[in-house]
file work_1.cif (mmCIF, C-alpha atoms)
data_final
loop_
_atom_site.label_atom_id
_atom_site.label_comp_id
_atom_site.auth_asym_id
_atom_site.auth_seq_id
_atom_site.Cartn_x
_atom_site.Cartn_y
_atom_site.Cartn_z
CA MET A 1106 105.33 142.33 -179.06
CA GLU A 1107 105.88 140.07 -182.03
CA LEU A 1108 106.16 137.02 -179.78
CA LEU A 1109 102.86 137.87 -178.07
CA GLY A 1110 101.16 138.11 -181.46
CA ALA A 1111 102.67 134.80 -182.50
CA ILE A 1112 101.35 133.05 -179.39
CA VAL A 1113 97.83 134.49 -179.86
CA THR A 1114 97.94 133.34 -183.49
CA LEU A 1115 98.97 129.86 -182.43
CA ALA A 1116 96.05 129.65 -179.97
CA GLY A 1117 93.68 130.75 -182.72
CA SER A 1118 95.01 128.19 -185.16
CA ILE A 1119 94.60 125.41 -182.58
CA LEU A 1120 90.96 126.44 -182.13
CA LEU A 1121 90.45 126.45 -185.91
CA PHE A 1122 91.94 122.95 -186.07
CA LEU A 1123 89.67 121.72 -183.26
CA GLY A 1124 86.65 123.17 -185.03
CA ALA A 1125 87.54 121.26 -188.17
CA LEU A 1126 88.14 118.11 -186.10
CA GLY A 1127 84.69 118.57 -184.57
CA ILE A 1128 83.17 118.86 -188.05
CA LEU A 1129 84.82 115.55 -188.88
CA ARG A 1130 84.09 113.61 -185.68
CA MET A 1131 80.64 114.61 -184.44
CA PRO A 1132 77.77 112.21 -185.20
CA ASP A 1133 75.14 114.38 -186.93
CA VAL A 1134 74.63 117.70 -188.70
CA TYR A 1135 73.53 119.73 -185.68
CA ASN A 1136 76.44 118.68 -183.48
CA ARG A 1137 78.84 119.33 -186.36
CA MET A 1138 77.36 122.79 -186.67
CA GLN A 1139 77.90 123.43 -182.96
CA ALA A 1140 81.60 122.62 -183.20
CA GLY A 1141 82.02 124.33 -186.54
CA THR A 1142 80.41 127.61 -185.54
CA LYS A 1143 81.81 128.23 -182.08
CA ALA A 1144 85.38 127.09 -182.44
CA THR A 1145 85.93 128.70 -185.83
CA THR A 1146 84.47 132.03 -184.68
CA LEU A 1147 86.81 132.55 -181.73
CA GLY A 1148 89.63 130.82 -183.61
CA SER A 1149 89.52 133.21 -186.54
CA ILE A 1150 89.16 136.22 -184.21
CA LEU A 1151 92.31 135.17 -182.32
CA PHE A 1152 94.19 134.33 -185.53
CA LEU A 1153 93.50 137.72 -187.13
CA ALA A 1154 94.11 139.65 -183.91
CA GLY A 1155 97.41 137.84 -183.35
CA ILE A 1156 98.67 138.64 -186.85
CA SER A 1157 97.76 142.32 -186.54
CA ILE A 1158 99.34 142.56 -183.07
CA GLY A 1159 102.58 141.08 -184.32
CA HIS A 1160 102.75 143.35 -187.37
CA TYR A 1161 101.39 146.58 -185.93
CA GLU A 1162 103.65 148.76 -188.08
CA CYS A 1163 101.49 148.05 -191.16
CA GLY A 1164 98.71 150.28 -189.84
CA CYS A 1165 95.78 148.43 -191.37
CA PHE A 1166 93.86 147.64 -188.20
CA GLY A 1167 90.69 149.03 -189.72
CA LYS A 1168 90.20 146.29 -192.27
CA ILE A 1169 91.03 143.61 -189.70
CA ILE A 1170 88.36 145.06 -187.40
CA ILE A 1171 85.86 145.02 -190.30
CA ILE A 1172 86.65 141.35 -191.02
CA ILE A 1173 86.33 140.39 -187.33
CA LEU A 1174 82.98 142.17 -186.95
CA PHE A 1175 81.78 140.55 -190.14
CA VAL A 1176 82.72 137.07 -188.89
CA ILE A 1177 80.99 137.68 -185.55
CA PHE A 1178 77.75 138.82 -187.18
CA THR A 1179 77.45 136.43 -190.12
CA ASN A 1180 78.75 133.15 -188.74
CA PRO A 1181 75.83 132.51 -186.32
CA ILE A 1182 73.29 133.63 -188.91
CA SER A 1183 74.57 131.28 -191.61
CA SER A 1184 74.67 128.30 -189.25
CA ASN A 1185 71.19 129.19 -187.98
CA THR A 1186 69.67 129.24 -191.48
CA LEU A 1187 71.50 126.05 -192.35
CA ALA A 1188 70.24 124.23 -189.24
CA ARG A 1189 66.69 125.37 -189.95
CA ALA A 1190 66.91 124.23 -193.55
CA ALA A 1191 68.39 120.88 -192.55
CA HIS A 1192 65.57 120.28 -190.08
CA PHE A 1193 62.94 121.23 -192.61
CA ALA A 1194 64.55 119.03 -195.25
CA GLY A 1195 64.16 116.10 -192.87
CA VAL A 1196 67.73 115.39 -191.75
CA LYS A 1197 67.42 113.09 -188.72
CA LEU A 1198 69.03 113.71 -185.37
CA THR A 1199 71.47 111.10 -184.14
CA GLU A 1200 70.22 108.10 -182.14
CA ARG A 1201 71.80 109.49 -179.00
CA SER A 1202 69.37 112.42 -178.99
CA VAL A 1203 67.01 112.84 -176.07
CA LYS A 1204 64.10 114.86 -177.39
CA ASP A 1205 62.93 116.91 -180.36
CA ASP A 1206 60.40 119.59 -179.47
CA LEU A 1207 60.44 121.15 -182.91
CA LYS A 1208 59.26 117.94 -184.57
CA ASP A 1209 56.58 117.41 -181.94
CA ASP A 1210 55.12 120.87 -182.40
CA ASP A 1211 54.95 120.47 -186.18
CA ILE A 1212 55.08 124.10 -187.22
CA GLU A 1213 56.91 123.30 -190.43
CA ASN A 1214 53.86 122.77 -192.62
CA LYS A 1215 52.07 125.87 -191.46
CA GLY A 1216 51.85 128.76 -193.89
CA GLU A 1217 54.54 128.08 -196.43
CA GLU A 1218 54.13 125.63 -199.24
CA LYS A 1219 56.89 123.08 -199.42
CA MET I 52 111.48 132.62 -183.27
CA ALA I 53 108.24 134.51 -183.83
CA ASP I 54 108.29 133.73 -187.55
CA LEU I 55 108.65 130.03 -186.78
CA ILE I 56 105.59 130.12 -184.51
CA TYR I 57 103.60 131.96 -187.19
CA ASN I 58 104.50 129.32 -189.74
CA ILE I 59 103.51 126.50 -187.37
CA ALA I 60 100.17 128.24 -186.78
CA ALA I 61 99.53 128.48 -190.51
CA ILE I 62 100.34 124.78 -190.96
CA ILE I 63 97.92 123.80 -188.17
CA ALA I 64 95.16 125.90 -189.77
CA LEU I 65 95.91 124.25 -193.12
CA ALA I 66 95.51 120.83 -191.49
CA GLY I 67 92.08 122.05 -190.36
CA ILE I 68 91.16 122.73 -193.99
CA VAL I 69 92.20 119.18 -194.88
CA LEU I 70 89.99 117.70 -192.11
CA SER I 71 86.99 119.76 -193.26
CA PHE I 72 87.65 118.63 -196.81
CA VAL I 73 87.43 115.00 -195.72
CA ARG I 74 83.98 115.74 -194.30
CA LEU I 75 83.09 117.54 -197.53
CA ILE I 76 83.79 114.33 -199.45
CA LEU I 77 82.30 111.89 -196.94
CA GLY I 78 79.23 113.84 -195.85
CA PRO I 79 76.05 111.80 -196.28
CA THR I 80 73.68 114.75 -196.82
CA ILE I 81 73.89 118.15 -198.50
CA ALA I 82 73.70 119.89 -195.12
CA ASP I 83 76.85 118.10 -193.95
CA ARG I 84 78.69 119.28 -197.02
CA ALA I 85 77.48 122.84 -196.55
CA VAL I 86 78.69 122.84 -192.94
CA ALA I 87 82.10 121.59 -194.03
CA LEU I 88 82.25 124.25 -196.74
CA ASP I 89 81.39 126.93 -194.19
CA GLY I 90 84.21 125.84 -191.90
CA MET I 91 86.66 125.74 -194.80
CA THR I 92 85.69 129.27 -195.79
CA ILE I 93 86.35 130.72 -192.36
CA ILE I 94 89.76 129.08 -192.16
CA THR I 95 90.55 130.26 -195.69
CA ILE I 96 89.74 133.88 -194.77
CA SER I 97 92.21 133.65 -191.90
CA LEU I 98 94.87 132.23 -194.19
CA ILE I 99 94.30 134.95 -196.81
CA VAL I 100 94.95 137.57 -194.13
CA PHE I 101 98.08 135.65 -193.10
CA ILE I 102 99.36 135.70 -196.69
CA ALA I 103 98.50 139.40 -197.01
CA TYR I 104 100.68 140.30 -194.05
CA PHE I 105 103.60 138.05 -194.88
CA SER I 106 103.90 139.03 -198.52
CA ASN I 107 103.33 142.73 -197.67
CA ARG I 108 100.36 143.21 -199.95
CA VAL I 109 97.62 145.13 -198.16
CA ILE I 110 95.31 144.76 -201.14
CA TYR I 111 94.76 141.09 -200.27
CA LEU I 112 92.77 142.18 -197.20
CA ASP I 113 90.06 143.40 -199.56
CA VAL I 114 90.05 139.96 -201.14
CA ALA I 115 89.38 138.47 -197.70
CA ILE I 116 86.46 140.86 -197.08
CA VAL I 117 84.84 140.10 -200.42
CA TYR I 118 85.36 136.38 -200.00
CA GLY I 119 83.60 136.50 -196.64
CA LEU I 120 80.66 138.38 -198.14
CA ILE I 121 80.26 136.01 -201.05
CA SER I 122 80.54 132.87 -198.93
CA PHE I 123 77.86 134.16 -196.53
CA VAL I 124 75.47 134.79 -199.41
CA GLY I 125 76.33 131.39 -200.88
CA ILE I 126 75.60 129.52 -197.64
CA VAL I 127 72.27 131.31 -197.25
CA ALA I 128 71.40 130.44 -200.85
CA ILE I 129 72.19 126.76 -200.22
CA ALA I 130 69.97 126.87 -197.13
CA ARG I 131 67.06 128.38 -199.06
CA TYR I 132 67.51 125.73 -201.73
CA LEU I 133 67.40 122.92 -199.15
CA GLU I 134 64.27 124.36 -197.61
CA ARG I 135 61.98 124.52 -200.62
CA GLY I 136 63.95 124.38 -203.86
CA ILE I 137 64.92 127.33 -206.04
CA MET Y 1015 67.01 163.65 -185.58
CA LYS Y 1016 69.16 162.01 -182.93
CA LYS Y 1017 68.70 158.62 -184.56
CA GLY Y 1018 69.62 160.10 -187.92
CA PHE Y 1019 72.85 161.36 -186.43
CA LEU Y 1020 73.57 157.86 -185.10
CA PHE Y 1021 72.98 156.42 -188.57
CA PHE Y 1022 75.37 158.98 -190.11
CA ILE Y 1023 78.08 158.32 -187.50
CA SER Y 1024 77.97 154.55 -187.95
CA LEU Y 1025 78.22 154.83 -191.74
CA LEU Y 1026 81.19 157.20 -191.39
CA ILE Y 1027 82.96 154.92 -188.89
CA VAL Y 1028 82.68 151.94 -191.23
CA TRP Y 1029 84.06 154.06 -194.08
CA ILE Y 1030 87.02 155.27 -191.98
CA LEU Y 1031 87.80 151.71 -190.91
CA LEU Y 1032 87.80 150.63 -194.56
CA ALA Y 1033 89.69 153.54 -196.10
CA GLY Y 1034 92.08 154.65 -193.39
CA ILE Y 1035 92.62 158.12 -191.93
CA ASP Y 1036 93.21 160.57 -194.73
CA GLN Y 1037 91.76 164.05 -195.17
CA GLN Y 1038 90.30 163.65 -198.65
CA GLU Y 1039 88.86 160.21 -197.91
CA ILE Y 1040 87.10 161.49 -194.81
CA ILE Y 1041 85.58 164.48 -196.62
CA ILE Y 1042 84.21 162.34 -199.45
CA GLY Y 1043 82.99 159.71 -196.96
CA ALA Y 1044 81.17 162.35 -194.93
CA ILE Y 1045 79.41 163.73 -198.01
CA VAL Y 1046 78.30 160.30 -199.21
CA SER Y 1047 77.19 159.27 -195.70
CA LEU Y 1048 75.11 162.44 -195.41
CA LEU Y 1049 73.42 161.73 -198.75
CA LEU Y 1050 72.70 158.12 -197.75
CA THR Y 1051 71.31 159.27 -194.41
CA ILE Y 1052 68.94 161.75 -196.10
CA ILE Y 1053 67.76 159.20 -198.68
CA PHE Y 1054 67.44 156.06 -196.59
CA PHE Y 1055 66.77 157.19 -193.04
CA SER Y 1056 62.99 156.98 -193.24
CA LYS Y 1057 63.28 153.32 -194.33
CA ALA Y 1058 65.92 152.28 -191.79
CA THR Y 1059 63.76 151.53 -188.77
CA ILE Y 1060 66.49 149.46 -187.11
CA PHE Y 1061 67.92 152.43 -185.22
CA SER Y 1062 64.58 153.39 -183.71
CA GLU Y 1063 64.76 150.40 -181.37
CA PHE Y 1064 67.78 151.46 -179.33
CA ASN Y 1065 67.37 153.17 -176.01
CA LEU Y 1066 69.88 155.99 -175.92
CA ASN Y 1067 70.15 156.78 -172.22
CA PRO Y 1068 73.32 156.36 -170.12
CA LYS Y 1069 71.96 153.30 -168.30
CA ALA Y 1070 71.42 151.46 -171.59
CA ILE Y 1071 74.93 152.27 -172.80
CA PHE Y 1072 76.40 151.09 -169.49
CA TYR Y 1073 74.43 147.83 -169.75
CA PHE Y 1074 75.63 147.46 -173.35
CA LEU Y 1075 79.26 147.55 -172.18
CA ILE Y 1076 78.50 144.97 -169.48
CA TYR Y 1077 76.75 142.86 -172.12
CA ILE Y 1078 79.84 142.86 -174.35
CA PHE Y 1079 81.93 141.73 -171.40
CA VAL Y 1080 79.53 138.91 -170.43
CA PHE Y 1081 79.27 137.84 -174.06
CA SER Y 1082 83.07 137.60 -174.49
CA TRP Y 1083 83.38 135.50 -171.35
CA GLU Y 1084 80.63 133.14 -172.53
CA LEU Y 1085 82.30 132.87 -175.95
CA ILE Y 1086 85.62 131.79 -174.38
CA LYS Y 1087 83.82 129.32 -172.11
CA SER Y 1088 81.91 127.82 -175.03
CA ASN Y 1089 85.12 127.31 -176.98
CA LEU Y 1090 86.80 125.48 -174.11
CA ASP Y 1091 83.64 123.38 -173.76
CA VAL Y 1092 83.58 122.44 -177.46
CA ALA Y 1093 87.30 121.74 -177.49
CA PHE Y 1094 86.91 119.37 -174.52
CA ARG Y 1095 84.02 117.52 -176.15
CA VAL Y 1096 85.86 117.15 -179.46
CA ILE Y 1097 89.12 115.86 -178.00
CA HIS Y 1098 87.45 113.39 -175.60
CA PRO Y 1099 87.65 109.83 -177.05
CA THR Y 1100 83.98 108.96 -176.54
CA ILE Y 1101 82.45 112.36 -177.49
CA PRO Y 1102 80.36 113.07 -174.32
CA ILE Y 1103 77.13 114.47 -175.78
CA ASN Y 1104 73.47 114.14 -174.84
CA PRO Y 1105 71.78 116.21 -177.54
CA GLY Y 1106 68.19 117.26 -178.14
CA ILE Y 1107 66.05 120.15 -179.37
CA VAL Y 1108 64.30 122.09 -176.61
CA LYS Y 1109 61.83 124.96 -176.70
CA VAL Y 1110 62.36 128.20 -174.76
CA LYS Y 1111 60.44 131.45 -174.48
CA THR Y 1112 61.70 135.02 -174.48
CA LYS Y 1113 60.20 138.20 -173.05
CA LEU Y 1114 61.83 140.57 -175.55
CA LYS Y 1115 59.57 142.55 -177.87
CA SER Y 1116 61.89 144.34 -180.30
CA ARG Y 1117 62.96 142.53 -183.48
CA LEU Y 1118 66.59 143.62 -183.29
CA GLY Y 1119 66.77 142.46 -179.68
CA ARG Y 1120 65.42 139.05 -180.63
CA THR Y 1121 67.96 138.73 -183.45
CA ILE Y 1122 70.86 139.60 -181.17
CA LEU Y 1123 69.55 137.19 -178.53
CA ALA Y 1124 69.39 134.36 -181.09
CA ASN Y 1125 72.93 135.06 -182.27
CA SER Y 1126 74.21 135.19 -178.70
CA ILE Y 1127 72.56 131.86 -177.91
CA THR Y 1128 74.29 130.33 -180.93
CA LEU Y 1129 77.69 131.45 -179.68
CA THR Y 1130 77.31 130.33 -176.05
CA PRO Y 1131 78.21 126.93 -174.56
CA GLY Y 1132 76.46 124.00 -176.15
CA THR Y 1133 73.45 125.72 -177.70
CA LEU Y 1134 72.43 126.44 -181.28
CA THR Y 1135 69.27 128.27 -182.36
CA VAL Y 1136 67.44 126.19 -184.95
CA GLU Y 1137 64.14 128.01 -185.44
CA THR Y 1138 62.39 131.08 -184.10
CA ASN Y 1139 58.64 131.50 -184.21
CA GLY Y 1140 57.42 134.65 -182.50
CA GLU Y 1141 58.47 134.39 -178.88
CA ASP Y 1142 59.35 130.69 -179.07
CA TYR Y 1143 62.91 129.65 -179.78
CA TYR Y 1144 63.79 126.06 -180.68
CA ILE Y 1145 67.33 125.36 -179.53
CA HIS Y 1146 69.58 122.42 -180.23
CA TRP Y 1147 71.25 121.72 -176.90
CA ILE Y 1148 74.31 119.50 -176.88
CA ASP Y 1149 73.82 118.37 -173.27
CA VAL Y 1150 70.16 118.40 -172.24
CA THR Y 1151 69.95 118.77 -168.47
CA SER Y 1152 66.40 120.07 -167.91
CA ASP Y 1153 63.26 118.68 -169.41
CA ASP Y 1154 60.65 121.46 -169.33
CA ILE Y 1155 60.39 124.90 -170.89
CA GLU Y 1156 60.90 126.89 -167.69
CA GLY Y 1157 64.11 125.14 -166.67
CA ALA Y 1158 65.62 125.41 -170.13
CA THR Y 1159 64.65 129.08 -170.36
CA LYS Y 1160 66.26 129.78 -167.02
CA GLN Y 1161 69.49 128.07 -168.00
CA ILE Y 1162 69.88 129.32 -171.58
CA VAL Y 1163 68.10 132.62 -172.11
CA SER Y 1164 67.97 134.54 -168.85
CA LYS Y 1165 71.66 135.35 -168.56
CA PHE Y 1166 71.47 137.59 -171.67
CA GLU Y 1167 67.85 138.62 -171.46
CA LYS Y 1168 68.22 140.82 -168.40
CA TYR Y 1169 70.76 143.02 -170.20
CA LEU Y 1170 69.02 143.08 -173.57
CA GLU Y 1171 65.73 144.02 -171.91
CA VAL Y 1172 67.29 147.25 -170.67
CA ILE Y 1173 69.11 148.00 -173.94
CA PHE Y 1174 66.18 147.53 -176.31
CA GLY Y 1175 63.26 148.21 -174.01
#

call {"tool": "encode", "arguments": {"input": "work_1.cif", "output": "C-alpha cells"}}
result
Amino acid sequence: MELLGAIVTLAGSILLFLGALGILRMPDVYNRMQAGTKATTLGSILFLAGISIGHYECGCFGKIIIIILFVIFTNPISSNTLARAAHFAGVKLTERSVKDDLKDDDIENKGEEK
Amino acid sequence: MADLIYNIAAIIALAGIVLSFVRLILGPTIADRAVALDGMTIITISLIVFIAYFSNRVIYLDVAIVYGLISFVGIVAIARYLERGI
Amino acid sequence: MKKGFLFFISLLIVWILLAGIDQQEIIIGAIVSLLLTIIFFSKATIFSEFNLNPKAIFYFLIYIFVFSWELIKSNLDVAFRVIHPTIPINPGIVKVKTKLKSRLGRTILANSITLTPGTLTVETNGEDYYIHWIDVTSDDIEGATKQIVSKFEKYLEVIFG
C-alpha cells in the first residue's frame, strides 16, 4: 500500500516538474499558461492522492479532498482571467501563431473604459 | 524503499519550483511573471501537504488550504490590475 | 424546498470533510448550515439550474468519467510537447459557439475546455468563446466547435437543461 502511494506520488511530481519546464520553455504567455495549468493540475492531484494513500492511517482524507476540489475549481479560473487580462493588456502572441480571432473581432473596447 | 521514493518525488517537485523561479526572474511581461507565480504556488501547496504528513502535524493541512485561497485571490487581483489598473 | 435541501446537504458535507467525523462537530455544523440555508437560500440562485432527475444524475457520472479521461490525455499531450526538442506547436486563437443557456453550465464548460488537450479559454462573450488552441487544425467556426466543444456539450445540455 505504501509503495503504491509512493509510485503515484512520483508520477505526480514528474508532472509538476514538466509543468514548470513548460512554463520555462514555451515561447509566449498563452502557451506557458497551457503547460502551467494542465500539468500542474493533474500533477498536484496525483501528488496529494499518493501521499494520502501511502499514509492512510492518519485519517485526514477530508482535508485532502477539499484541497483537491479547490485546485480543480480555481486553477482553470485563475488562468482564464490571467489570459484575458494579458490579451487586453496587449501582450502579443508568438510569431508562430496562425490566427487571432479575438483581435479581429475587436470586442475589447466595447462597454468598459480602459 | 517507499520513503526513498517519496523523498525523490519531493526533490523533483522542488526542482520544478526552481525552474518556475527562473521564469519569474526572466519573464519579459507582468503576465509571464504571474503565470510563473501561479505554478510555484501550486507546487508549494503540494510540498506543504508533504511536510504535514512527514512531520506528523495535521494542522499544516489548514495552512495549505488557506495558502491556496489567498493565492487564488492574489492572481485574480493581478489580472484585474493588468486589465484596467486598480 | 428540494433545492434548499440540496444547499443544506452540500454545506454540511463540506463541513464534515473539514472537521472530521465527530458527534459534537456534526451537530454544530448542522445547526449553522440550517441557519445559513434559511438566510441565504433566496439569494443563491446557483442551485436552481440543476436538473434533478435520474437521467441527469446518470449523465453527470458519465461526464465525470469523460472529463477524467480527457484530463489524463491532455497531460500526456502537454508532456510530449514540452519534452520534444523543437516544441511542436501551431498556436492561434479561434472562436467557437455554444448552445448552452444556463450560466453555471457555461462556466463549467469553459473550465472543462481549459483542462482538455491543447485548449485554453481566453474570453467569453455571451455564446461566443474565444479559445487559444495550441495546434490549430480547422479554420472555421463550425469545425472548431465540433472538435472542441461538442464532446462535453451533449452531456452538459442534459444536466443543466

call {"tool": "residues_around", "arguments": {"input": "work_1.cif", "residues": "Ile1158 in chain A", "least_positions_apart": "3", "cutoff": "6 Å", "atoms": "all atoms listed in the file", "output": "list in words"}}
result
Gly1110, Gly1155 and Tyr1161 of chain A

call {"tool": "closest_residue", "arguments": {"input": "work_1.cif", "among": "A:Leu1115, A:Met1106, A:Leu1129, A:Ile1172", "to": "Met91 in chain I", "atoms": "only C-alpha atoms"}}
result
A:Leu1129

call {"tool": "residues_around", "arguments": {"input": "work_1.cif", "residues": "Leu1114 in chain Y", "least_positions_apart": "6", "cutoff": "9 Å", "atoms": "all atoms listed in the file", "output": "number ranges by chain"}}
result
Y: 1120, 1123, 1141, 1167, 1170-1171, 1174-1175

call {"tool": "resolve_selection", "arguments": {"input": "work_1.cif", "expression": "the PyMOL selection byres ((chain Y) within 8 of (chain A))", "output": "PyMOL selection string"}}
result
chain Y and resi 1028+1030-1034+1085-1086+1088-1089+1092-1093+1096-1097+1101+1103-1109+1125+1128-1130+1132-1137+1144+1146+1148+1150

call {"tool": "resolve_selection", "arguments": {"input": "work_1.cif", "expression": "the PyMOL selection byres ((chain A and resi 1114) around 8)", "output": "list in words"}}
result
Gly1110, Ala1111, Ile1112, Val1113, Leu1115, Ala1116, Gly1117, Ser1118, Leu1151, Phe1152, Leu1153, Ala1154, Gly1155 and Ile1156 of chain A; Tyr57 and Ala60 of chain I

call {"tool": "resolve_selection", "arguments": {"input": "work_1.cif", "expression": "the PyMOL selection byres ((chain Y and resi 1020-1023) around 8)", "output": "VMD selection string"}}
result
chain Y and resid 1016 to 1019 1024 to 1027 1047 to 1048 1051 1055 1061

call {"tool": "closest_atom_pairs", "arguments": {"input": "work_1.cif", "of": "chain I", "to": "chain A", "cutoff": "9 Å", "atoms": "all atoms listed in the file", "output": "Markdown table"}}
result
| residue | atom | partner | partner_atom | distance |
| --- | --- | --- | --- | --- |
| I:Met52 | CA | A:Leu1108 | CA | 7.7 |
| I:Ala53 | CA | A:Leu1108 | CA | 5.2 |
| I:Asp54 | CA | A:Ala1111 | CA | 7.6 |
| I:Leu55 | CA | A:Ala1111 | CA | 8.8 |
| I:Ile56 | CA | A:Ala1111 | CA | 5.9 |
| I:Tyr57 | CA | A:Ala1111 | CA | 5.6 |
| I:Ile59 | CA | A:Leu1115 | CA | 7.5 |
| I:Ala60 | CA | A:Leu1115 | CA | 4.8 |
| I:Ala61 | CA | A:Ser1118 | CA | 7.0 |
| I:Ile62 | CA | A:Ser1118 | CA | 8.6 |
| I:Ile63 | CA | A:Ser1118 | CA | 6.1 |
| I:Ala64 | CA | A:Ser1118 | CA | 5.1 |
| I:Leu65 | CA | A:Phe1122 | CA | 8.2 |
| I:Ala66 | CA | A:Phe1122 | CA | 6.8 |
| I:Gly67 | CA | A:Phe1122 | CA | 4.4 |
| I:Ile68 | CA | A:Ala1125 | CA | 7.0 |
| I:Val69 | CA | A:Ala1125 | CA | 8.4 |
| I:Leu70 | CA | A:Ala1125 | CA | 5.8 |
| I:Ser71 | CA | A:Ala1125 | CA | 5.3 |
| I:Phe72 | CA | A:Leu1129 | CA | 9.0 |
| I:Val73 | CA | A:Leu1129 | CA | 7.3 |
| I:Arg74 | CA | A:Leu1129 | CA | 5.5 |
| I:Thr80 | CA | A:Val1196 | CA | 7.8 |
| I:Ile81 | CA | A:Ala1191 | CA | 8.6 |
| I:Ala82 | CA | A:Ala1191 | CA | 6.0 |
| I:Asp83 | CA | A:Val1134 | CA | 5.7 |
| I:Ala85 | CA | A:Leu1187 | CA | 8.0 |
| I:Val86 | CA | A:Met1138 | CA | 6.4 |
| I:Ala87 | CA | A:Ile1128 | CA | 6.7 |
| I:Asp89 | CA | A:Gly1141 | CA | 8.1 |
| I:Gly90 | CA | A:Gly1141 | CA | 6.0 |
| I:Met91 | CA | A:Ala1125 | CA | 8.0 |
| I:Ile93 | CA | A:Thr1145 | CA | 6.8 |
| I:Ile94 | CA | A:Leu1121 | CA | 6.8 |
| I:Ile96 | CA | A:Ser1149 | CA | 8.3 |
| I:Ser97 | CA | A:Ser1149 | CA | 6.0 |
| I:Leu98 | CA | A:Phe1152 | CA | 8.9 |
| I:Val100 | CA | A:Leu1153 | CA | 7.2 |
| I:Phe101 | CA | A:Ile1156 | CA | 7.0 |
| I:Tyr104 | CA | A:His1160 | CA | 7.6 |
| I:Asn107 | CA | A:Cys1163 | CA | 8.6 |
| I:Val109 | CA | A:Cys1165 | CA | 7.8 |
| I:Leu112 | CA | A:Lys1168 | CA | 6.9 |
| I:Asp113 | CA | A:Lys1168 | CA | 7.8 |
| I:Ala115 | CA | A:Ile1172 | CA | 7.8 |
| I:Ile116 | CA | A:Ile1172 | CA | 6.1 |
| I:Gly119 | CA | A:Val1176 | CA | 7.8 |
| I:Leu120 | CA | A:Phe1175 | CA | 8.4 |
| I:Phe123 | CA | A:Ser1183 | CA | 6.6 |
| I:Val124 | CA | A:Ser1183 | CA | 8.6 |
| I:Ile126 | CA | A:Ser1183 | CA | 6.4 |
| I:Val127 | CA | A:Ser1183 | CA | 6.1 |
| I:Ile129 | CA | A:Leu1187 | CA | 7.9 |
| I:Ala130 | CA | A:Leu1187 | CA | 5.1 |
| I:Arg131 | CA | A:Ala1190 | CA | 6.9 |
| I:Tyr132 | CA | A:Ala1190 | CA | 8.3 |
| I:Leu133 | CA | A:Ala1190 | CA | 5.8 |
| I:Glu134 | CA | A:Ala1190 | CA | 4.8 |
| I:Arg135 | CA | A:Lys1219 | CA | 5.4 |
| I:Gly136 | CA | A:Lys1219 | CA | 8.4 |

call {"tool": "axis_aligned_box", "arguments": {"input": "work_1.cif", "around": "range 1109-1115 of chain Y", "padding_each_side": "8 Å", "output": "AutoDock Vina command-line options"}}
result
--center_x 61.0 --center_y 133.8 --center_z -175.5 --size_x 18.8 --size_y 33.6 --size_z 20.8

call {"tool": "atom_distance", "arguments": {"input": "work_1.cif", "atom1": "CA of Ile1155 in chain Y", "atom2": "CA of Lys1113 in chain Y"}}
result
13.5 Å

call {"tool": "atom_distance", "arguments": {"input": "work_1.cif", "atom1": "CA of Val1163 in chain Y", "atom2": "CA of Ile1145 in chain Y"}}
result
10.4 Å

call {"tool": "atom_distance", "arguments": {"input": "work_1.cif", "atom1": "CA of Ile1052 in chain Y", "atom2": "CA of Ile1173 in chain Y"}}
result
26.1 Å

call {"tool": "closest_residue", "arguments": {"input": "work_1.cif", "among": "Y:Leu1050, Y:Ile1127, Y:Val1172, Y:Ile1045", "to": "Tyr1073 in chain Y", "atoms": "only C-alpha atoms"}}
result
Y:Val1172

call {"tool": "closest_residue", "arguments": {"input": "work_1.cif", "among": "Y:Asp1036, Y:Val1110, Y:Trp1029, Y:Lys1115", "to": "Ser1152 in chain Y", "atoms": "all atoms listed in the file"}}
result
Y:Val1110

call {"tool": "closest_residue", "arguments": {"input": "work_1.cif", "among": "I:Ala103, I:Thr95, I:Ile110, I:Pro79", "to": "chain Y", "atoms": "all atoms listed in the file"}}
result
I:Ile110
